[in-house]
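Q: Sending over a structure as C-alpha cells; questions will come in a sec.
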Amino acid sequence: MGALSHIRICDFTGQLAGAGATRTLAAFGAQVIKIEDPVTEGRWDILRGMQPFVDERRGGELGGGFQNHNVEKLGITLNLRTERGRELLAEIVRISDVVAENFAAGVLAHLGFPYERLREIRDDVIYVSNCGFGHRGPYSSFKTWGPIVQACCGLTFTSGLPDLPPAGWGYSYMDHHGGNVMALAILTALVHRNRTGAGQWVDMSCTDAGATMLGPVVLDYTVNGRPARRPGAPDSNHSDAPVMAPHNIYAARGDDEWFAIACRHDDDWVALADVLGATADGAWAADPGYATLAGRVARQADLDARLAEWCRPRDKFDLQAQMLAAGVPGVAVQRPGERIEDDPGTTEWGLWPWVEHRAMGRLRVDGLPVHLSETDWHIERAAPLLGQDNDVVYGEILGLGASEIADLRSEGVI
Amino acid sequence: MAREAIGPHLSTAPLAPPDPTRPGPLAGLRVIELAGEYAAFCGRFLADFGAEVILVEPPGGAPQRWYEPFVDDVVDPERSLWFWHYHANKFGVQLDLDSAEGRERFRELVASADIVVESEAPGRLAALGVDDADLRATQPGLIWAAVTAFGRTNSRAHEPATDLTVLANAGPVWSCGYDDHTIPPVRGGGNQAYHTASVHAAIGILVAALHRDVTGRGQFIDVSVHAASNVTTEFASYGWLVAQETVQRQTCRHASAHPTQVTVACSADGRYQPTGVPPRAAREFRILIDWVDDLGWRDEIPDVTLLELGEERGGVDMSEMFEDDLVAEIFRAGRDVLVAIATRVTAYEFFVQGQRRGMALPVIFAPEEVLEDEHFRARGFPVTLDHADLGRPVTYAGAPFVMDESPWHLRRHAPRLGEHDDLLSGS
C-alpha cells in the first residue's frame, strides 16, 4: 500500500510539466487515470512519438520521454467530442479526488469542463490547472513550453557568463520544477481538504513558479535598487550570494572535460592551498594575498587563471579524489553516462529503476530523490500504451460490462 | 495594454488580493526547521502556505545570516537579504544543540511539532542523541525530513558539497553553456540544487502528512540533493537511459545529441532574443506572413515568398527536411523571417506581438523585469511587506500557485535573531 493509495487522480496532463506531477504521486501509490484522445492517438503529448528511441522503430508508443514521464499510471482513451464521452468523464470525475491538467489555458473549459462544471459533478473536487501564465492575467492566452517559461520568469537571464548571451538552461528545468510544484499544489490542496472538507481550483502559472526561484537577487533589486541587468552580470559560475572564491569551473585533461571548485570559507582555501602547494606547479597558492576571502575576491581573475592552468593537465576524477580527500568541495563535471552508470551517489540510491514496457522492452527511468521509511515510492510499471487500461478503468472501476465497452470502442467513444 | 476578451473562461483582469482572514492549506501544522541552506526553501514553502515554521539557529545566529547581499551593503546579521528571502514567514529561536540544556529544549520543541526538517551533516544529530530515531520512538506521529548532499547513508554521504559542485557532479552543468566548447559549461544562477532538493523534501513531507492523516503514523524522509539534480535534467538522463546518447551543450537552447539551429537574435533594443520554433503548419506560415505585412516590411524581407510557398503546400513535414531541399529552404526561411523581425523590434514587442498572433515566443526577462511586468503584477505576484526596521515596505516575489480557498500569504519578515525565543519552554 502506498501513502496515496486512497487518492484517485483524473489526469489530463502531458509533456513533462504536467505528467511529471502525477508521475510522482503515482509512484507514491495514487491511482492516476491518464486520459488521452483516441482520435489523435494521444499525440497532443508530442513526447509520445519523440526521441530518444530504443531502436530504429518510430511511432506513438516508442517515445522515450513519454515512457519516462508516465510510469505507474493507468492509461485510457476517451473522446470528449462525443456526448457519451462527456458522460463518462463526468463519471470519472465523480470518483476522483483530483482533476489535473496542463493544457493551454481554457482548453478543458472549452471541452465542456470548466471548474464550475467539475464542481457540479463533485463538490469537493480539487482542480489543478498548470499552464505557462496561469488562467488569469494579461498573458493567460499566451503559449509556452519549458524554454519560454524559463526566459519569461528570469531563470534564463540569470544563467550565463559576463559579456556573453545568456547560456540559459540546456533543458526544460521548469518542466521538471513546474511538475514538482504542481505535485505540491495537489498535495497541499489534499491536506487542506482533509482539514476542511473543501476542494478548490488551484490556478498555477509556471512562470510564477519559476520566478519564486531567483533567490535573493529579487530583494537586492527591491531593497538595494541593484538590477540583475547590469555590466558584468550575470556571472553565475562565480558565487555572490554567498560570496565564495575560488568558485568556478576549470578545464581538465581531455576533450571537453571540466572540474568545479568551490571554497566555502578560509578553511577550504587552506586545504586547497595544501593540495596545490604539494605540486611543482602549485607553489603560487602560498601567496599570502590569497589567505583571506577579500584577497581572493580582489584577485579572482588572477586566481581563476592560475587554477585553470593547474587543472588543465590533470584528470578530472583524479582531481575529485584529491580534493574530496582534502575536504574541499571539488568535483568532476560528469557526463550523463558517468553519473548514471558509475556514481554511487545515484546507483546506491536506486535512482534508475527498471521497468518493462510493452513496446520498448526493458529499460531504466528516472527514480525519485527521496526515500520514505514507511511508504517509499515504487516505480515498477512502465507507461501505458494508448488505451492500455480501458478494460480496467471502464470495467473494474466504472463497472461497465464487456459488451458496453465493446460498443464504446466501435462507436469511437474510447 | 488594453484589456480584452480572450475567451469565456480566461480573464485578463487583475486578481483580487488573497483574503487575509483565510488560513493557508497547511494551517495547523507545526514545523521545526534547523537552519541550513539545503532545506531553507522547503521551510519557506511550508510557511508560505500556512504551516507554523519555527527556525532553530545556534546561539549568535546561523551562518546564513552572513550571506550576501546585505541591505545597503552593510554587513550585519539582521541585514542579510539571503536570510530575509529564505526565512520570511518563519518564527525564529536560538538553541545550542551542543549543550544538554539546549537539547532538552529541542526535544520539547519537537514534542510540540508535527514535522522536523533539517540538513545537518549525517551523523551529527545521532551523536547528540536528538536524531529522528531518538525522538520518533516516543512520538510515532512525527514526520522527519533530512536533506543532505547524498542522503544519510550513501557511501558519499560525508563528502563536502555546494550548489556548484552538486550541479557539476549531478548533470545540470554538463547541459548548460555555449556552442563554443572552449568556454566552460555554466552553472545556472540562484542555487537551484538546493531548490530542487527542497521541493522534493516538501513533496515527501506532504505525502507523509497525508499518510499520517489516514494512519496516525509519521516517518523518516531521506532526501539527496545530488539525486534530486540528477533526475532534473530532462533528456540528458533519459536520452542516456533509453538510447545511450550523450547530449552536448548549446547556447541558450536545449543540449542535444544532434546539433540544432542557432535561435538567438539581437533585438532592436540590443537584447538577446530567442526566436522560438519556425512555422511548420500552413496556419503558422500565414500568421508570420501577416505579421510581416502588418509591419509593412514585405519589401525588406524577401524570404516571405518562401513562406507563401510553405502555406500553399499546406505546411512542411519535418521528416522531409533531409530529402527535400525545398522543404529545408522553407523551414530555414521561417527562421530567417523570425530573426529579421526580431532584429527590427524591441524584445518585448517581439514577444507580445508574436504571442498575440498565437506564436509561442519568449522574452528574456531579468528578475527585476518580472516583478515590474504587468502580467505578474495583475496576478499579484510581487507582494509588499511592511518592514518597521527599514521604515518602508519591501517587495518580495510571491506565490508559486494561486489558491483562492486557502491562499498563500506573506505575513512576516524573517525573524530577528532570537525574536521568538519565548516559544521555548523554560524561557
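Ordering of the C-alpha cells sets the chain letters (A, B, ...); residue numbers start at 1 within each chain; ligands are numbered from 1 in the order shown.
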Tell me, which residues of stretch 70-317 of chain A carry DSSP helix (DSSP H, G or I), written as a PyMOL selection string?
A: chain A and resi 83-94+107-110+115-121+146-153+173-196+206-211+217-224+266-277+280-286+288-290+293-298+300-311+316-317
Q: So which residues touch A:Asp240 within 8 Å, counting only C-alpha atoms, skipping near sequence neighbours fewer than 3 positions away, as a compact mmCIF listing (two decimals) with N, CA and C atoms, in the first residue's frame?
A:
```txt
# COMPACT_ATOMS: atom_id res chain seq x y z
N VAL A 243 29.19 35.07 -1.07
CA VAL A 243 30.44 35.27 -1.81
C VAL A 243 31.41 34.12 -1.47
N MET A 244 31.91 33.48 -2.53
CA MET A 244 32.95 32.47 -2.36
C MET A 244 34.02 32.71 -3.42
N GLU B 68 25.69 37.20 1.63
CA GLU B 68 25.38 38.35 0.82
C GLU B 68 24.09 38.09 0.02
N PRO B 69 23.45 39.11 -0.52
CA PRO B 69 23.74 40.55 -0.33
C PRO B 69 23.11 41.08 0.96
```
Q: May I have the residues within 8 Å of A:Arg122 as a list in words, using only C-alpha atoms and disregarding those fewer than 4 positions away in the same chain?
A: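 Listing them by chain and then by number gives Val93, Arg94 and Leu118 of chain A.
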Q: Step one, run DSSP on the backbone; step two, keep only residues of stretch 98-290 of chain B assigned to strand (DSSP E or B); then write them as a ChimeraX atom specification.
A: /B:115-118,143-148,219-224,248-250,253-256,264-266,272-274
Q: Using atom CA of A:Ser239 and atom CA of B:Asp76 as the two end points, give the distance in Å to one decimal.
A: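 Those two atoms sit 19.1 Å apart.
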Q: Do you know which residues are at most 6 Å from stretch 50-59 of chain A counting only C-alpha atoms, after dropping those on the same chain fewer than 2 positions away, and could you put them as a list in words?
A: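 Neighbouring residues, sequence-local ones excluded: Leu47, Arg48, Glu61, Leu62, Gly63 and Gly64 of chain A; Gly239, Val242 and Ala243 of chain B.
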Q: Find, counting only C-alpha atoms, the residue in B:Leu10, B:His420, B:Gly354, B:Asp222 that gets nearest to B:Ile289.
A: B:Gly354
Q: In Å to one decimal, how far is atom CA of A:Leu74 from atom CA of A:Ala3?
A: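 Atom-to-atom, atom CA of A:Ala3 to atom CA of A:Leu74, that is 17.7 Å.
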Q: Set the distance at 9 Å and use only C-alpha atoms: which residues neighbour stretch 29-38 of chain A once local chain neighbours fewer than 3 positions away are removed? I'd like the list as a PyMOL selection string.
A: chain A and resi 1-14+22-26+41-45+70+72-80+92+375+377-378+384+386-387+389+393+412-414
Q: Can you tell me which residues surround A:Gly18 at a distance of at most 12 Å, considering only C-alpha atoms, apart from same-chain residues fewer than 2 positions away, and format the answer as a short mmCIF file (atom, residue, chain, number, x, y, z; two decimals) with N, CA, C and O atoms, in the first residue's frame?
A:
```cif
data_model
loop_
_atom_site.label_atom_id
_atom_site.label_comp_id
_atom_site.auth_asym_id
_atom_site.auth_seq_id
_atom_site.Cartn_x
_atom_site.Cartn_y
_atom_site.Cartn_z
N ASP A 11 -6.50 12.43 -14.77
CA ASP A 11 -5.25 13.04 -15.22
C ASP A 11 -5.26 13.38 -16.70
O ASP A 11 -5.23 12.49 -17.55
N PHE A 12 -5.29 14.68 -16.99
CA PHE A 12 -5.18 15.14 -18.38
C PHE A 12 -3.79 15.69 -18.67
O PHE A 12 -3.60 16.37 -19.67
N THR A 13 -2.83 15.45 -17.80
CA THR A 13 -1.53 16.09 -18.00
C THR A 13 -0.76 15.43 -19.13
O THR A 13 -1.00 14.28 -19.50
N GLY A 14 0.22 16.17 -19.63
CA GLY A 14 1.09 15.64 -20.66
C GLY A 14 2.43 16.33 -20.61
O GLY A 14 2.73 17.08 -19.68
N GLN A 15 3.23 16.09 -21.65
CA GLN A 15 4.62 16.58 -21.72
C GLN A 15 5.32 16.21 -20.42
O GLN A 15 5.11 15.12 -19.90
N LEU A 16 6.09 17.14 -19.84
CA LEU A 16 6.73 16.84 -18.56
C LEU A 16 6.18 17.73 -17.44
O LEU A 16 6.03 17.29 -16.30
N GLY A 20 4.91 15.03 -15.14
CA GLY A 20 5.86 14.81 -14.04
C GLY A 20 5.18 14.89 -12.68
O GLY A 20 5.59 14.20 -11.73
N ALA A 21 4.16 15.72 -12.57
CA ALA A 21 3.46 15.88 -11.28
C ALA A 21 2.73 14.62 -10.90
O ALA A 21 2.89 14.08 -9.80
N THR A 22 1.91 14.11 -11.83
CA THR A 22 1.11 12.95 -11.48
C THR A 22 1.97 11.68 -11.43
O THR A 22 1.63 10.73 -10.75
N ARG A 23 3.09 11.70 -12.14
CA ARG A 23 4.05 10.57 -12.05
C ARG A 23 4.52 10.39 -10.61
O ARG A 23 4.54 9.27 -10.09
N THR A 24 4.91 11.50 -9.98
CA THR A 24 5.40 11.41 -8.61
C THR A 24 4.31 10.88 -7.68
O THR A 24 4.56 10.03 -6.83
N LEU A 25 3.09 11.38 -7.85
CA LEU A 25 2.00 10.94 -6.98
C LEU A 25 1.67 9.48 -7.23
O LEU A 25 1.36 8.73 -6.30
N LYS A 34 -4.80 8.29 -16.59
CA LYS A 34 -4.35 9.22 -17.63
C LYS A 34 -5.28 9.10 -18.83
O LYS A 34 -5.46 8.02 -19.39
N ASP A 45 0.27 15.06 -26.65
CA ASP A 45 1.55 14.95 -25.96
C ASP A 45 2.60 14.57 -27.00
O ASP A 45 2.74 13.40 -27.36
N PHE A 66 8.06 10.18 -23.15
CA PHE A 66 6.70 9.85 -22.71
C PHE A 66 6.75 8.66 -21.76
O PHE A 66 6.11 8.65 -20.71
N HIS A 69 8.02 9.68 -18.34
CA HIS A 69 7.19 10.60 -17.56
C HIS A 69 5.84 10.01 -17.14
O HIS A 69 5.08 10.67 -16.44
N ASN A 70 5.52 8.82 -17.61
CA ASN A 70 4.17 8.30 -17.34
C ASN A 70 4.15 6.92 -16.69
O ASN A 70 3.13 6.23 -16.73
N VAL A 99 -8.64 16.57 -10.27
CA VAL A 99 -8.55 16.66 -11.73
C VAL A 99 -7.33 17.52 -12.03
O VAL A 99 -7.22 18.65 -11.54
N ALA A 100 -6.39 16.97 -12.80
CA ALA A 100 -5.14 17.68 -13.08
C ALA A 100 -4.96 17.85 -14.58
O ALA A 100 -5.22 16.91 -15.34
N GLU A 101 -4.56 19.03 -15.01
CA GLU A 101 -4.32 19.25 -16.44
C GLU A 101 -3.27 20.32 -16.65
O GLU A 101 -3.12 21.21 -15.83
N ASN A 102 -2.56 20.22 -17.77
CA ASN A 102 -1.67 21.31 -18.18
C ASN A 102 -1.84 21.66 -19.65
O ASN A 102 -0.88 21.88 -20.38
N PHE A 103 -3.10 21.71 -20.05
CA PHE A 103 -3.43 22.26 -21.38
C PHE A 103 -3.12 23.75 -21.40
O PHE A 103 -2.93 24.38 -20.36
N ALA A 104 -3.14 24.33 -22.60
CA ALA A 104 -3.18 25.79 -22.69
C ALA A 104 -4.42 26.25 -21.92
O ALA A 104 -5.42 25.53 -21.83
N VAL A 128 -6.54 21.23 -10.42
CA VAL A 128 -5.26 21.93 -10.54
C VAL A 128 -4.93 22.11 -12.01
O VAL A 128 -4.76 21.13 -12.75
N SER A 129 -4.91 23.37 -12.44
CA SER A 129 -4.52 23.68 -13.81
C SER A 129 -3.12 24.29 -13.78
O SER A 129 -2.79 25.08 -12.90
N ASN A 130 -2.31 23.88 -14.72
CA ASN A 130 -0.93 24.37 -14.77
C ASN A 130 -0.64 24.75 -16.21
O ASN A 130 -0.64 23.89 -17.10
N CYS A 131 -0.44 26.05 -16.45
CA CYS A 131 -0.02 26.45 -17.79
C CYS A 131 0.99 27.58 -17.66
O CYS A 131 1.31 28.01 -16.56
N GLY A 132 1.50 28.06 -18.78
CA GLY A 132 2.65 28.96 -18.74
C GLY A 132 2.42 30.23 -17.96
O GLY A 132 3.29 30.67 -17.21
N TRP A 145 6.31 26.70 -23.80
CA TRP A 145 6.90 25.43 -23.44
C TRP A 145 8.08 25.75 -22.53
O TRP A 145 8.34 26.92 -22.26
N GLY A 146 8.77 24.76 -22.04
CA GLY A 146 9.77 24.98 -20.99
C GLY A 146 10.70 26.17 -21.21
O GLY A 146 10.81 27.05 -20.36
N MET A 174 12.24 24.10 -16.03
CA MET A 174 10.93 24.47 -15.49
C MET A 174 9.86 23.42 -15.79
O MET A 174 8.79 23.47 -15.20
N ASP A 175 10.11 22.50 -16.70
CA ASP A 175 9.16 21.39 -16.83
C ASP A 175 9.31 20.47 -15.62
O ASP A 175 8.32 20.00 -15.06
N HIS A 176 10.56 20.21 -15.23
CA HIS A 176 10.75 19.42 -14.01
C HIS A 176 10.20 20.17 -12.80
O HIS A 176 9.41 19.64 -12.03
N HIS A 177 10.67 21.40 -12.64
CA HIS A 177 10.27 22.13 -11.44
C HIS A 177 8.77 22.43 -11.45
O HIS A 177 8.10 22.33 -10.42
N GLY A 178 8.25 22.77 -12.63
CA GLY A 178 6.82 23.02 -12.73
C GLY A 178 6.01 21.78 -12.35
O GLY A 178 5.00 21.87 -11.65
N GLY A 179 6.48 20.63 -12.80
CA GLY A 179 5.80 19.39 -12.43
C GLY A 179 5.88 19.15 -10.93
O GLY A 179 4.90 18.74 -10.30
N ASN A 180 7.04 19.42 -10.35
CA ASN A 180 7.17 19.23 -8.90
C ASN A 180 6.27 20.18 -8.12
O ASN A 180 5.64 19.80 -7.14
N VAL A 181 6.21 21.43 -8.59
CA VAL A 181 5.35 22.40 -7.90
C VAL A 181 3.88 22.04 -8.10
O VAL A 181 3.07 22.19 -7.19
N MET A 182 3.56 21.52 -9.27
CA MET A 182 2.18 21.08 -9.49
C MET A 182 1.83 19.92 -8.54
O MET A 182 0.73 19.86 -8.00
N ALA A 183 2.79 19.03 -8.33
CA ALA A 183 2.56 17.95 -7.34
C ALA A 183 2.33 18.56 -5.97
O ALA A 183 1.44 18.13 -5.23
N LEU A 184 3.11 19.59 -5.63
CA LEU A 184 2.91 20.26 -4.34
C LEU A 184 1.55 20.93 -4.25
O LEU A 184 0.91 20.93 -3.20
N ALA A 185 1.10 21.50 -5.37
CA ALA A 185 -0.23 22.13 -5.39
C ALA A 185 -1.30 21.10 -5.08
O ALA A 185 -2.22 21.34 -4.27
N ILE A 186 -1.18 19.94 -5.70
CA ILE A 186 -2.17 18.87 -5.46
C ILE A 186 -2.10 18.42 -4.01
O ILE A 186 -3.13 18.28 -3.32
N MET A 204 -2.32 27.44 -11.32
CA MET A 204 -0.86 27.50 -11.31
C MET A 204 -0.35 28.08 -12.63
O MET A 204 -0.73 27.65 -13.71
N SER A 205 0.52 29.07 -12.48
CA SER A 205 1.23 29.65 -13.62
C SER A 205 2.68 29.22 -13.49
O SER A 205 3.34 29.51 -12.49
N CYS A 206 3.18 28.54 -14.50
CA CYS A 206 4.53 28.01 -14.41
C CYS A 206 5.57 29.13 -14.32
O CYS A 206 6.61 28.97 -13.69
#
```
Q: With only C-alpha atoms as the counted atoms, please give the residues lying no more than 7 Å from stretch 111-119 of chain B, apart from itself and same-chain residues fewer than 6 positions off, as a count of residues only.
A: 16
Q: Pick out the closest residue to A:Asp256 from this set: B:Arg212, B:Arg411, B:His181, B:Arg217. Count only C-alpha atoms.
A: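 That would be B:His181, the residue with the smallest distance to A:Asp256.
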Q: Taking into account only C-alpha atoms, which residue in the set B:Arg298, B:Arg152, B:Arg412, B:His211 is nearest to chain A?
A: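 Of all the options, B:His211 lies closest to chain A.
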Q: Can you work out the spacing between atom CA of A:Ser96 and atom CA of B:Ala209 in Å, to one decimal?
A: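 Between these atoms lies a distance of 19.8 Å.
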Q: Point out the residue among A:Ala252, A:Val275, A:Ile126, A:Leu155 with the least atom-to-atom distance to A:Ala209, counting only C-alpha atoms.
A: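 Nearest to A:Ala209: A:Leu155.
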